[in-house]
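So this one's model33.cif, mmCIF, C-alpha atoms:
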data_upload
loop_
_atom_site.label_atom_id
_atom_site.label_comp_id
_atom_site.auth_asym_id
_atom_site.auth_seq_id
_atom_site.Cartn_x
_atom_site.Cartn_y
_atom_site.Cartn_z
CA MET Z 126 90.78 143.85 88.26
CA THR Z 127 89.08 142.06 91.14
CA THR Z 128 88.97 138.27 91.28
CA THR Z 129 87.20 137.80 94.59
CA PRO Z 130 83.78 136.14 94.50
CA LYS Z 131 80.68 138.30 94.79
CA THR Z 132 79.26 135.86 97.31
CA THR Z 133 81.34 133.96 99.85
CA THR Z 134 80.39 130.27 99.87
CA THR Z 135 81.14 128.32 103.04
CA THR Z 136 82.21 124.70 103.15
CA ALA Z 137 78.91 123.77 104.77
CA GLU Z 138 76.96 125.47 101.98
CA LEU Z 139 79.01 123.69 99.31
CA ALA Z 140 78.34 120.38 101.00
CA GLU Z 141 74.64 120.96 100.46
CA THR Z 142 74.98 121.83 96.76
CA THR Z 143 74.84 119.25 94.02
CA LEU Z 144 77.76 118.24 91.82
CA LEU Z 145 77.61 118.41 88.03
CA ARG Z 146 80.23 116.76 85.86
CA PHE Z 147 80.26 118.21 82.35
CA ALA Z 148 82.50 118.22 79.28
CA THR Z 149 83.06 120.62 76.43
CA ALA Z 150 83.62 119.52 72.84
CA GLY Z 151 83.72 121.04 69.40
CA SER Z 152 85.73 121.43 66.22
CA VAL Z 153 89.08 123.20 66.04
CA ASP Z 154 88.89 126.98 66.66
CA ASP Z 155 85.25 126.86 67.72
CA GLY Z 156 86.29 128.53 70.99
CA LYS Z 157 86.03 125.78 73.61
CA SER Z 158 88.93 126.96 75.73
CA THR Z 159 87.81 130.58 75.42
CA LEU Z 160 84.32 129.57 76.60
CA VAL Z 161 85.77 127.72 79.58
CA GLY Z 162 88.06 130.63 80.39
CA ARG Z 163 85.16 133.09 80.13
CA LEU Z 164 83.02 130.86 82.32
CA LEU Z 165 85.71 130.69 85.01
CA HIS Z 166 86.59 134.40 84.75
CA ASP Z 167 83.06 135.83 84.78
CA SER Z 168 81.93 133.50 87.58
CA LYS Z 169 84.84 134.80 89.69
CA SER Z 170 86.49 131.37 89.83
CA VAL Z 171 89.98 132.51 88.76
CA LEU Z 172 92.66 133.22 91.35
CA ALA Z 173 94.54 136.51 91.07
CA ASP Z 174 97.91 134.87 90.36
CA GLN Z 175 96.37 132.70 87.62
CA LEU Z 176 94.90 135.75 85.91
CA GLU Z 177 98.18 137.63 86.20
CA ALA Z 178 100.04 134.72 84.58
CA VAL Z 179 97.55 134.68 81.70
CA GLU Z 180 97.88 138.45 81.27
CA ARG Z 181 101.68 138.17 81.11
CA ALA Z 182 101.51 135.30 78.59
CA SER Z 183 99.00 137.21 76.47
CA ALA Z 184 101.13 140.38 76.52
CA SER Z 185 104.21 138.41 75.45
CA ARG Z 186 102.25 137.28 72.40
CA GLY Z 187 101.31 140.85 71.51
CA GLN Z 188 97.66 140.64 72.58
CA ASP Z 189 95.95 143.70 74.01
CA GLY Z 190 93.89 141.85 76.63
CA PRO Z 191 94.08 138.52 78.46
CA ASP Z 192 93.53 135.44 76.30
CA LEU Z 193 91.12 133.52 78.52
CA ALA Z 194 91.77 130.31 76.57
CA LEU Z 195 95.15 130.11 78.33
CA LEU Z 196 93.35 129.36 81.59
CA THR Z 197 92.76 125.82 80.30
CA ASP Z 198 95.38 125.32 77.58
CA GLY Z 199 98.26 124.52 79.91
CA LEU Z 200 100.58 122.49 77.68
CA ARG Z 201 103.33 124.42 75.92
CA ALA Z 202 102.35 122.88 72.58
CA GLU Z 203 98.75 123.95 73.16
CA ARG Z 204 99.70 127.57 73.79
CA GLU Z 205 102.08 127.69 70.84
CA GLN Z 206 99.55 126.27 68.38
CA GLY Z 207 96.45 127.79 69.95
CA ILE Z 208 94.75 124.39 70.19
CA THR Z 209 93.72 121.93 72.90
CA ILE Z 210 95.58 118.59 72.85
CA ASP Z 211 94.92 116.96 76.21
CA VAL Z 212 91.80 116.87 78.38
CA ALA Z 213 91.99 119.76 80.84
CA TYR Z 214 90.03 119.30 84.07
CA ARG Z 215 88.85 122.28 86.09
CA TYR Z 216 87.04 122.38 89.42
CA PHE Z 217 84.93 125.37 90.41
CA ALA Z 218 81.78 126.22 92.33
CA THR Z 219 78.99 128.74 92.59
CA PRO Z 220 76.61 129.14 95.53
CA ARG Z 221 74.15 126.92 93.66
CA ARG Z 222 76.31 124.02 92.48
CA ARG Z 223 79.79 122.47 92.32
CA PHE Z 224 81.32 121.59 88.96
CA ILE Z 225 83.93 119.25 87.49
CA LEU Z 226 84.67 120.39 83.95
CA ALA Z 227 86.54 118.45 81.26
CA ASP Z 228 87.71 120.60 78.32
CA THR Z 229 88.31 118.11 75.49
CA PRO Z 230 90.29 118.57 72.24
CA GLY Z 231 88.72 119.37 68.87
CA HIS Z 232 91.19 117.79 66.45
CA VAL Z 233 90.01 114.58 64.78
CA GLN Z 234 93.09 112.67 65.98
CA TYR Z 235 92.24 113.59 69.57
CA THR Z 236 88.59 112.47 69.34
CA ARG Z 237 89.43 109.58 71.67
CA ASN Z 238 90.20 112.15 74.37
CA MET Z 239 86.53 113.18 74.32
CA VAL Z 240 85.62 109.62 75.25
CA THR Z 241 87.80 110.00 78.33
CA GLY Z 242 86.38 113.39 79.27
CA ALA Z 243 82.73 112.59 78.64
CA SER Z 244 82.64 109.03 79.99
CA THR Z 245 81.51 110.23 83.43
CA ALA Z 246 79.81 113.46 82.31
CA GLU Z 247 76.17 114.20 83.01
CA LEU Z 248 76.16 117.03 80.47
CA THR Z 249 78.14 117.84 77.33
CA VAL Z 250 78.52 121.30 75.81
CA ILE Z 251 79.10 120.99 72.05
CA LEU Z 252 80.33 124.20 70.44
CA VAL Z 253 79.61 125.26 66.88
CA ASP Z 254 81.13 128.23 65.06
CA ALA Z 255 78.17 130.32 63.89
CA ARG Z 256 80.01 131.04 60.62
CA ASN Z 257 80.53 127.36 59.78
CA GLY Z 258 77.46 125.66 61.23
CA VAL Z 259 77.27 121.94 61.87
CA VAL Z 260 80.41 120.27 60.49
CA GLU Z 261 81.76 116.73 60.38
CA GLN Z 262 83.43 116.98 63.80
CA THR Z 263 80.19 118.33 65.31
CA ARG Z 264 78.40 115.19 64.17
CA ARG Z 265 81.23 113.05 65.50
CA HIS Z 266 81.04 114.63 68.95
CA ALA Z 267 77.24 114.33 69.01
CA ALA Z 268 77.52 110.63 68.15
CA ILE Z 269 80.02 110.07 70.97
CA ALA Z 270 77.71 111.86 73.42
CA ALA Z 271 74.91 109.53 72.29
CA LEU Z 272 77.21 106.51 72.51
CA LEU Z 273 78.18 107.38 76.08
CA ARG Z 274 74.53 108.11 76.94
CA VAL Z 275 75.24 111.58 78.29
CA PRO Z 276 71.82 112.67 79.64
CA HIS Z 277 72.01 116.37 78.69
CA VAL Z 278 73.52 118.06 75.63
CA VAL Z 279 73.98 121.82 75.20
CA LEU Z 280 74.52 123.23 71.72
CA ALA Z 281 76.50 126.45 72.18
CA VAL Z 282 76.45 128.41 68.91
CA ASN Z 283 79.58 130.51 69.41
CA LYS Z 284 80.99 133.61 67.69
CA MET Z 285 77.56 135.14 67.19
CA ASP Z 286 79.32 138.52 67.16
CA LEU Z 287 80.91 137.55 63.83
CA VAL Z 288 77.51 137.00 62.19
CA ASP Z 289 76.00 140.24 63.53
CA TYR Z 290 74.02 138.35 66.20
CA ARG Z 291 71.45 137.27 63.58
CA GLU Z 292 68.67 135.09 64.96
CA ALA Z 293 68.17 133.33 61.61
CA VAL Z 294 71.74 131.98 61.67
CA PHE Z 295 71.26 130.57 65.15
CA ALA Z 296 67.86 129.07 64.33
CA THR Z 297 69.16 127.27 61.24
CA ILE Z 298 72.10 125.70 63.10
CA ALA Z 299 69.95 124.72 66.09
CA GLU Z 300 67.37 123.06 63.85
CA GLU Z 301 69.97 121.06 61.90
CA PHE Z 302 71.80 119.88 65.01
CA THR Z 303 68.61 118.96 66.88
CA ALA Z 304 67.43 116.85 63.93
CA TYR Z 305 70.75 114.97 63.88
CA ALA Z 306 70.72 114.54 67.67
CA THR Z 307 67.19 113.15 67.52
CA GLU Z 308 68.32 110.61 64.94
CA LEU Z 309 71.07 109.53 67.33
CA GLY Z 310 68.61 109.14 70.20
CA ILE Z 311 69.92 112.04 72.31
CA PRO Z 312 67.03 112.74 74.72
CA GLU Z 313 67.55 116.46 75.31
CA VAL Z 314 69.25 119.34 73.48
CA THR Z 315 69.40 122.94 74.76
CA ALA Z 316 70.61 125.47 72.17
CA ILE Z 317 72.20 128.72 73.39
CA PRO Z 318 73.61 131.53 71.19
CA ILE Z 319 76.84 132.89 72.69
CA SER Z 320 79.99 134.89 72.11
CA ALA Z 321 82.67 133.48 74.38
CA LEU Z 322 85.09 136.25 73.45
CA ALA Z 323 82.64 139.06 74.28
CA GLY Z 324 80.91 137.20 77.11
CA ASP Z 325 77.41 137.17 75.59
CA ASN Z 326 75.12 134.60 77.26
CA VAL Z 327 77.99 132.80 79.00
CA VAL Z 328 77.49 134.07 82.54
CA GLU Z 329 75.61 137.30 81.91
CA PRO Z 330 72.68 137.69 79.47
CA SER Z 331 73.52 139.33 76.17
CA ALA Z 332 72.44 142.92 75.59
CA THR Z 333 72.68 142.44 71.83
CA MET Z 334 70.51 139.31 71.45
CA ASP Z 335 67.20 140.43 72.91
CA TRP Z 336 65.46 137.92 70.63
CA TYR Z 337 66.82 135.09 72.82
CA GLY Z 338 64.88 134.52 76.03
CA GLY Z 339 66.52 131.32 77.31
CA PRO Z 340 69.15 130.75 80.00
CA THR Z 341 72.82 131.65 79.86
CA VAL Z 342 75.32 128.79 79.83
CA LEU Z 343 76.05 129.13 83.56
CA GLU Z 344 72.39 129.46 84.45
CA HIS Z 345 71.61 126.26 82.58
CA LEU Z 346 74.55 124.46 84.22
CA GLU Z 347 73.32 125.57 87.63
CA THR Z 348 69.72 124.50 87.09
CA VAL Z 349 69.79 121.43 84.86
CA PRO Z 350 68.42 118.44 86.79
CA VAL Z 351 71.09 116.03 87.98
CA SER Z 352 69.20 112.79 88.28
CA HIS Z 353 72.05 110.63 89.62
CA ASP Z 354 70.29 107.74 87.93
CA LEU Z 355 72.89 105.33 89.31
CA ALA Z 356 71.19 105.62 92.69
CA HIS Z 357 68.17 103.89 91.16
CA CYS Z 358 70.16 101.23 89.26
CA HIS Z 359 70.87 97.69 90.35
CA ALA Z 360 73.04 97.94 93.48
CA ARG Z 361 76.69 97.06 92.84
CA LEU Z 362 79.78 97.23 95.11
CA PRO Z 363 83.10 96.20 93.52
CA VAL Z 364 85.44 95.11 96.32
CA GLN Z 365 88.67 97.08 96.21
CA TYR Z 366 90.34 96.11 99.47
CA VAL Z 367 89.84 93.67 102.37
CA ILE Z 368 90.39 95.34 105.75
CA ARG Z 369 91.76 93.11 108.54
CA PRO Z 370 93.32 95.25 111.36
CA GLN Z 371 93.89 92.24 113.66
CA THR Z 372 94.54 94.57 116.57
CA ALA Z 373 93.66 94.18 120.23
CA GLU Z 374 90.82 96.66 119.73
CA HIS Z 375 89.51 94.95 116.55
CA PRO Z 376 90.73 91.32 116.68
CA ASP Z 377 87.96 89.88 114.47
CA TYR Z 378 87.17 92.84 112.20
CA ARG Z 379 86.85 91.87 108.54
CA GLY Z 380 85.50 94.52 106.20
CA TYR Z 381 85.20 94.79 102.43
CA ALA Z 382 85.97 98.29 101.17
CA GLY Z 383 85.06 99.91 97.88
CA GLN Z 384 83.09 102.65 96.18
CA ILE Z 385 79.44 101.85 95.52
CA ALA Z 386 79.14 101.84 91.73
CA ALA Z 387 75.35 101.88 91.59
CA GLY Z 388 72.27 101.66 93.79
CA SER Z 389 72.25 101.49 97.57
CA PHE Z 390 72.93 98.98 100.34
CA ARG Z 391 71.31 98.67 103.75
CA VAL Z 392 72.22 96.87 106.97
CA GLY Z 393 70.27 93.61 107.19
CA GLU Z 394 70.01 93.27 103.41
CA ARG Z 395 70.57 89.85 101.86
CA VAL Z 396 73.44 89.99 99.34
CA MET Z 397 75.41 87.73 97.01
CA VAL Z 398 79.17 87.75 96.37
CA LEU Z 399 80.20 87.17 92.77
CA PRO Z 400 81.69 85.25 91.07
CA SER Z 401 81.44 82.62 93.85
CA GLY Z 402 77.65 83.02 94.18
CA ARG Z 403 77.74 82.70 97.98
CA THR Z 404 74.96 84.54 99.81
CA THR Z 405 75.07 86.28 103.18
CA THR Z 406 73.67 89.31 105.02
CA ILE Z 407 75.13 92.79 105.56
CA SER Z 408 75.78 93.09 109.29
CA GLY Z 409 77.23 96.61 109.20
CA ILE Z 410 78.31 99.50 106.98
CA ASP Z 411 81.11 101.88 107.95
CA LEU Z 412 81.30 105.30 106.28
CA LEU Z 413 84.16 107.65 107.19
CA GLY Z 414 84.86 105.54 110.27
CA LYS Z 415 81.27 105.69 111.54
CA PRO Z 416 78.52 103.07 111.28
CA VAL Z 417 75.53 103.91 109.06
CA GLU Z 418 72.32 102.08 108.24
CA VAL Z 419 72.32 102.79 104.50
CA ALA Z 420 74.86 103.88 101.85
CA TRP Z 421 74.40 104.75 98.18
CA THR Z 422 76.09 105.47 94.88
CA THR Z 423 79.59 107.04 94.83
CA GLN Z 424 80.05 106.67 98.60
CA SER Z 425 83.21 104.84 99.64
CA VAL Z 426 82.28 102.38 102.36
CA THR Z 427 83.38 99.30 104.23
CA VAL Z 428 80.78 96.52 104.34
CA LEU Z 429 80.73 93.86 107.07
CA LEU Z 430 79.08 90.52 106.38
CA THR Z 431 77.38 88.09 108.76
CA ASP Z 432 79.09 84.98 107.41
CA ASP Z 433 82.84 84.43 107.18
CA ILE Z 434 83.08 83.72 103.45
CA ASP Z 435 85.96 84.14 101.00
CA VAL Z 436 85.80 87.63 99.49
CA SER Z 437 88.74 89.35 97.79
CA ARG Z 438 89.61 92.28 95.54
CA GLY Z 439 87.77 92.04 92.25
CA ASP Z 440 84.67 90.39 93.70
CA LEU Z 441 81.29 92.08 93.34
CA ILE Z 442 78.72 92.43 96.11
CA VAL Z 443 75.14 92.62 94.79
CA PRO Z 444 71.60 92.18 96.16
CA GLY Z 445 70.69 88.52 96.46
CA LYS Z 446 67.59 88.92 94.26
CA ASP Z 447 69.20 91.24 91.71
CA ALA Z 448 72.41 89.59 90.57
CA PRO Z 449 73.76 90.14 87.04
CA GLN Z 450 74.29 87.17 84.76
CA ALA Z 451 77.93 86.07 84.75
CA THR Z 452 79.25 85.29 81.28
CA GLN Z 453 82.47 84.61 79.40
CA ASP Z 454 81.06 85.87 76.09
CA ILE Z 455 80.72 89.66 75.93
CA GLU Z 456 79.33 91.68 73.03
CA ALA Z 457 80.03 95.38 73.28
CA THR Z 458 80.26 98.70 71.52
CA VAL Z 459 83.80 100.03 71.78
CA CYS Z 460 85.91 103.06 70.99
CA HIS Z 461 89.48 102.17 70.13
CA VAL Z 462 91.87 104.71 71.69
CA ALA Z 463 95.34 103.26 71.08
CA ASP Z 464 97.60 103.97 68.12
CA GLN Z 465 98.15 100.26 67.52
CA PRO Z 466 95.24 98.52 65.72
CA LEU Z 467 92.95 95.99 67.39
CA THR Z 468 92.47 92.80 65.36
CA VAL Z 469 90.59 89.53 65.62
CA GLY Z 470 92.60 87.11 67.76
CA HIS Z 471 94.16 89.95 69.77
CA ARG Z 472 94.90 88.80 73.33
CA VAL Z 473 94.12 91.47 75.92
CA LEU Z 474 93.38 92.09 79.56
CA LEU Z 475 89.81 93.17 80.32
CA LYS Z 476 89.34 95.40 83.37
CA HIS Z 477 85.78 95.57 84.69
CA GLY Z 478 85.36 97.45 87.95
CA THR Z 479 88.12 96.19 90.23
CA ARG Z 480 88.49 92.86 88.43
CA THR Z 481 90.98 92.18 85.60
CA VAL Z 482 90.84 89.00 83.53
CA LYS Z 483 92.44 87.67 80.35
CA ALA Z 484 90.38 87.88 77.16
CA ILE Z 485 90.62 87.39 73.42
CA VAL Z 486 88.94 89.29 70.58
CA LYS Z 487 86.77 86.69 68.82
CA ASP Z 488 85.15 88.92 66.18
CA ILE Z 489 84.73 92.51 65.00
CA PRO Z 490 81.21 92.44 63.49
CA SER Z 491 81.14 96.05 62.32
CA ARG Z 492 82.69 99.50 62.36
CA LEU Z 493 80.63 102.71 62.46
CA THR Z 494 81.41 105.68 60.24
CA LEU Z 495 80.33 108.68 62.30
CA ASP Z 496 80.25 111.01 59.32
CA ASP Z 497 77.16 109.42 57.78
CA LEU Z 498 76.29 106.72 60.38
CA SER Z 499 76.96 103.96 57.84
CA LEU Z 500 78.20 100.51 58.86
CA HIS Z 501 81.17 98.59 57.49
CA PRO Z 502 80.61 94.91 58.26
CA HIS Z 503 83.49 92.76 59.52
CA PRO Z 504 86.41 95.16 59.18
CA GLU Z 505 89.81 93.58 59.53
CA GLN Z 506 90.74 95.88 62.40
CA LEU Z 507 89.86 98.90 64.50
CA VAL Z 508 92.29 101.81 64.47
CA ALA Z 509 92.57 104.87 66.70
CA ASN Z 510 89.24 106.73 67.15
CA ASP Z 511 87.23 103.93 65.48
CA ILE Z 512 83.91 102.95 67.02
CA GLY Z 513 82.75 99.43 66.39
CA ARG Z 514 81.27 96.22 67.72
CA LEU Z 515 83.37 93.55 69.45
CA LYS Z 516 82.80 89.98 70.55
CA LEU Z 517 85.10 88.96 73.39
CA ARG Z 518 85.76 85.70 75.19
CA THR Z 519 87.08 86.01 78.75
CA ALA Z 520 89.11 83.44 80.66
CA GLU Z 521 86.73 83.70 83.63
CA PRO Z 522 83.02 84.53 83.90
CA LEU Z 523 82.31 88.22 84.55
CA PRO Z 524 79.14 89.62 86.14
CA VAL Z 525 78.49 92.49 83.71
CA ASP Z 526 75.48 94.75 83.32
CA SER Z 527 74.26 96.29 80.09
CA TYR Z 528 75.65 99.80 79.59
CA ALA Z 529 72.07 100.92 78.93
CA ASP Z 530 71.24 99.95 82.52
CA SER Z 531 74.38 101.28 84.21
CA ARG Z 532 77.19 103.41 82.78
CA ARG Z 533 79.49 102.33 85.62
CA THR Z 534 79.05 98.56 85.75
CA GLY Z 535 78.33 98.18 82.04
CA SER Z 536 81.68 99.60 80.97
CA PHE Z 537 85.18 98.17 80.76
CA ILE Z 538 88.59 98.82 79.23
CA LEU Z 539 90.90 96.56 77.26
CA ILE Z 540 94.60 96.66 78.21
CA ASP Z 541 97.71 95.53 76.38
CA PRO Z 542 99.17 92.78 78.61
CA ALA Z 543 102.68 93.55 77.34
CA ASP Z 544 103.02 97.16 78.48
CA GLY Z 545 99.79 98.08 80.28
CA THR Z 546 98.62 100.50 77.55
CA THR Z 547 94.89 101.18 77.43
CA LEU Z 548 93.65 99.93 74.06
CA THR Z 549 89.89 100.25 74.00
CA ALA Z 550 86.98 101.63 76.00
CA GLY Z 551 83.98 99.30 75.90
CA MET Z 552 80.27 99.46 76.66
CA VAL Z 553 78.41 96.18 77.09
CA GLY Z 554 75.44 95.64 74.78
CA ASP Z 555 73.84 98.20 72.47
CA SER Z 556 75.07 101.49 73.84
CA PHE Z 557 73.22 103.93 71.60
CA ALA Z 558 69.87 105.08 72.89
CA THR Z 559 66.82 104.27 70.79
CA PRO Z 560 66.10 107.26 68.54
CA VAL Z 561 62.72 108.87 68.16
CA PRO Z 562 61.06 106.64 65.52
CA THR Z 563 59.92 107.96 62.18
CA HIS Z 564 57.27 106.51 59.89
CA ASP Z 565 59.83 104.84 57.61
CA GLU Z 566 62.45 103.90 60.21
CA GLN Z 567 63.48 100.28 60.46
CA ALA Z 568 65.66 98.57 63.06
CA ASP Z 569 69.20 97.73 62.02
CA ASP Z 570 70.10 94.07 61.92
CA ASP Z 571 73.56 94.53 63.42
CA GLY Z 572 72.59 95.99 66.77
CA TRP Z 573 72.90 99.69 66.03
CA ASP Z 574 69.70 101.38 67.18
CA PHE Z 575 69.31 104.02 64.51
#
Taking this structure as input, can you express it in the form of structure tokens?
Amino acid sequence: MTTTPKTTTTTAELAETTLLRFATAGSVDDGKSTLVGRLLHDSKSVLADQLEAVERASASRGQDGPDLALLTDGLRAEREQGITIDVAYRYFATPRRRFILADTPGHVQYTRNMVTGASTAELTVILVDARNGVVEQTRRHAAIAALLRVPHVVLAVNKMDLVDYREAVFATIAEEFTAYATELGIPEVTAIPISALAGDNVVEPSATMDWYGGPTVLEHLETVPVSHDLAHCHARLPVQYVIRPQTAEHPDYRGYAGQIAAGSFRVGERVMVLPSGRTTTISGIDLLGKPVEVAWTTQSVTVLLTDDIDVSRGDLIVPGKDAPQATQDIEATVCHVADQPLTVGHRVLLKHGTRTVKAIVKDIPSRLTLDDLSLHPHPEQLVANDIGRLKLRTAEPLPVDSYADSRRTGSFILIDPADGTTLTAGMVGDSFATPVPTHDEQADDDGWDF
């Protein structure tokens, strides 16, 4: 069986293609890992030795053909139980686009892992078993996609071969899910009927579903617009490292290195350094050791400033006329990911960008039940996988953006100061998008935009 690509893609060609980060999610046994394996296999993105290892493992389990789910389920416990436990990342490319894929678990107790996998995703594929339809975990994953403001959602109705490829089954599931997604404020849903096991509509169009005229999963992944909205957000550069060579060649060089979190910066632009509030001008930008006139989102750069002011790791460089409001009181939507509960009065470390400060949990106004979108006011604590509202007080002012304005600079994590464990992922402000209004819809008083 050949595993060489149909088309050879050069490094130069890949450099010109766009990058799409996407995640897969779904309930247990909906076929996420099989879909990912089929996607990699049929797009010729599997190396020969990888496929041989999967074939040997499948044969040892008494299977006639290769179990493509094993291409992503790498943990021994995952293979033994036939489930996904950890987030599996895969990198592959086609001549049209490069991809970073996060295959997330389906079990309820691993829902927090989806937050990790989808936090930077621009698209989420949510799988549904055609025999079961939209279930509780489907709604939970849709709500998390809405919470994280993932721009594009694909509903992959899998195992169509087990329902005789009936259009009516697909239409019913797609209608129910789309209605729920609209209520959550998800801006776009693309429904695709597939059979990951048989390969229908994954990479190649299905010969048995001629009633479906839309794209395959890969075709949609290759063509969905990647807006890179961060390039149009408020410009933000968290300082990660101060570069001072102090060599004979560069005796006075002082640069501030970091990855641009949002927006763009240009030589000659007036900027402000936070939290000090000092203003200066960008005198130079170095990218990959070469000077450039402009740099933008996700590029790692070194910025040189006209004035010799005190700048250190954790500071934030922003446009002088577009600085965020620094505050010690932060209200946020959070997903609690640790096994230990989070309670009022809990002392934590808050990491925002490259800055880490002490903080205390002042209040937990509400907890969201994803099953029916109901609110429980003032719960005593948040436990693993809970989504709720937090009020925090930080020891120092932080220049934070709203998560609605920037997914990068509006997010933070809470850390246990005792052992460094990540406790909670947070999103400043009201993270859920505003849903499409209905004639009888009323705004919620507690900040949830449903």
Q: Evaluate the PyMOL selection byres ((chain Z and resi 327) around 12) and record the selected residues as a PyMOL selection string, following the chain and residue labels used in the document.
A: chain Z and resi 157+159-168+250+281-284+317-326+328-331+339-346
Report as a tab-separated table the residues of segment 432-539 of chain Z within 12 Å of segment 379-384 of chain Z, each with its shortest atom pair and distance in Å (one decimal), using all atoms listed in the file, ordered by chain and increasing residue number.
residue	atom	partner	partner_atom	distance
Z:Asp432	CA	Z:Arg379	CA	10.4
Z:Asp433	CA	Z:Arg379	CA	8.6
Z:Ile434	CA	Z:Arg379	CA	10.3
Z:Asp435	CA	Z:Tyr381	CA	10.8
Z:Val436	CA	Z:Tyr381	CA	7.8
Z:Ser437	CA	Z:Tyr381	CA	8.0
Z:Arg438	CA	Z:Tyr381	CA	8.6
Z:Gly439	CA	Z:Gly383	CA	10.0
Z:Asp440	CA	Z:Tyr381	CA	9.8
Z:Leu441	CA	Z:Gly383	CA	9.8
Z:Ile442	CA	Z:Tyr381	CA	9.4
Z:Gly478	CA	Z:Gln384	CA	10.0
Z:Thr479	CA	Z:Gly383	CA	9.0
Z:Arg533	CA	Z:Gln384	CA	11.2
Z:Thr534	CA	Z:Gln384	CA	11.9
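Taking atom CA of Pro542 of chain Z and atom CA of Leu475 of chain Z as endpoints, the distance between them is 9.5 Å.
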Q.
as a PyMOL selection string, please: the residues near Val508 of chain Z (cut-off 8 Å, all atoms listed in the file, same-chain neighbours under 3 positions excluded).
A. chain Z and resi 461-467+511
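Polymer residues near (86.1, 116.2, 83.2): counting only C-alpha atoms with a cut-off of 7 Å, they are Z:Arg146, Z:Phe147, Z:Ala148, Z:Tyr214, Z:Ile225, Z:Leu226, Z:Ala227, Z:Asp228, Z:Gly242, Z:Ala243, Z:Ala246.
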Could you save the residues just selected, with C-alpha atoms, as a short mmCIF file (atom, residue, chain, number, x, y, z; two decimals), keeping the file's coordinate frame?
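The new file part_21.cif reads:
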data_model
loop_
_atom_site.label_atom_id
_atom_site.label_comp_id
_atom_site.auth_asym_id
_atom_site.auth_seq_id
_atom_site.Cartn_x
_atom_site.Cartn_y
_atom_site.Cartn_z
CA ARG Z 146 80.23 116.76 85.86
CA PHE Z 147 80.26 118.21 82.35
CA ALA Z 148 82.50 118.22 79.28
CA TYR Z 214 90.03 119.30 84.07
CA ILE Z 225 83.93 119.25 87.49
CA LEU Z 226 84.67 120.39 83.95
CA ALA Z 227 86.54 118.45 81.26
CA ASP Z 228 87.71 120.60 78.32
CA GLY Z 242 86.38 113.39 79.27
CA ALA Z 243 82.73 112.59 78.64
CA ALA Z 246 79.81 113.46 82.31
#
Q.
To test your reading of the syntax: which residues would the PyMOL selection byres ((chain Z and resi 491) around 9) return for the file shown? Reply as a PyMOL selection string.
A. chain Z and resi 489-490+492-493+500-504+512-515+571
Q: Mind giving me the straight-line distance from atom CA of Thr452 of chain Z to atom CA of Phe390 of chain Z in Å, one decimal?
A: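 One can read the atom CA of Thr452 of chain Z to atom CA of Phe390 of chain Z distance as 24.3 Å.
Atom to atom, atom CA of Thr481 of chain Z and atom CA of Leu430 of chain Z stand 24.0 Å apart.
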Q.
What would the selection look like, as a list in words, if the PyMOL selection byres ((chain Z and resi 409) around 7) were run on the coordinates I just shared?
A.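 When the PyMOL selection byres ((chain Z and resi 409) around 7) is applied, the selected residues are Val392, Ile407, Ser408, Ile410, Asp411, Pro416, Val428, Leu429 and Leu430 of chain Z.
Using all atoms listed in the file, the nearest neighbour of Gly402 of chain Z within the list Z:Ala293, Z:Ala386, Z:Val288, Z:Val443 is Z:Val443.
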Q | Option closest in space to Met552 of chain Z, from Z:Arg369, Z:Arg274, Z:Arg361, Z:Arg391 [counting only C-alpha atoms] | A |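 Of Z:Arg369, Z:Arg274, Z:Arg361, Z:Arg391, the one nearest Met552 of chain Z is Z:Arg274, counting only C-alpha atoms.
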Q.
Restricting the calculation to all atoms listed in the file: of Z:Ile298, Z:Ala268, Z:Val253, Z:Leu145, which residue gets closest to Arg223 of chain Z?
A. Z:Leu145
Could you rebuild segment 245-250 of chain Z with N, CA, C and O atoms and give it back as a tab-separated table (two decimals), in the frame of the given file?
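Final output, out38.tsv:
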chain	number	residue	atom	x	y	z
Z	245	THR	N	82.22	110.08	82.15
Z	245	THR	CA	81.51	110.23	83.43
Z	245	THR	C	80.66	111.50	83.48
Z	245	THR	O	80.13	111.85	84.52
Z	246	ALA	N	80.53	112.19	82.33
Z	246	ALA	CA	79.81	113.46	82.31
Z	246	ALA	C	78.30	113.25	82.33
Z	246	ALA	O	77.78	112.29	81.77
Z	247	GLU	N	77.63	114.18	83.00
Z	247	GLU	CA	76.17	114.20	83.01
Z	247	GLU	C	75.63	115.22	82.02
Z	247	GLU	O	74.43	115.25	81.74
Z	248	LEU	N	76.54	116.02	81.45
Z	248	LEU	CA	76.16	117.03	80.47
Z	248	LEU	C	77.36	117.29	79.57
Z	248	LEU	O	78.49	117.31	80.03
Z	249	THR	N	77.09	117.50	78.28
Z	249	THR	CA	78.14	117.84	77.33
Z	249	THR	C	77.76	119.13	76.61
Z	249	THR	O	76.63	119.26	76.12
Z	250	VAL	N	78.70	120.08	76.57
Z	250	VAL	CA	78.52	121.30	75.81
Z	250	VAL	C	79.26	121.13	74.48
Z	250	VAL	O	80.47	120.99	74.46
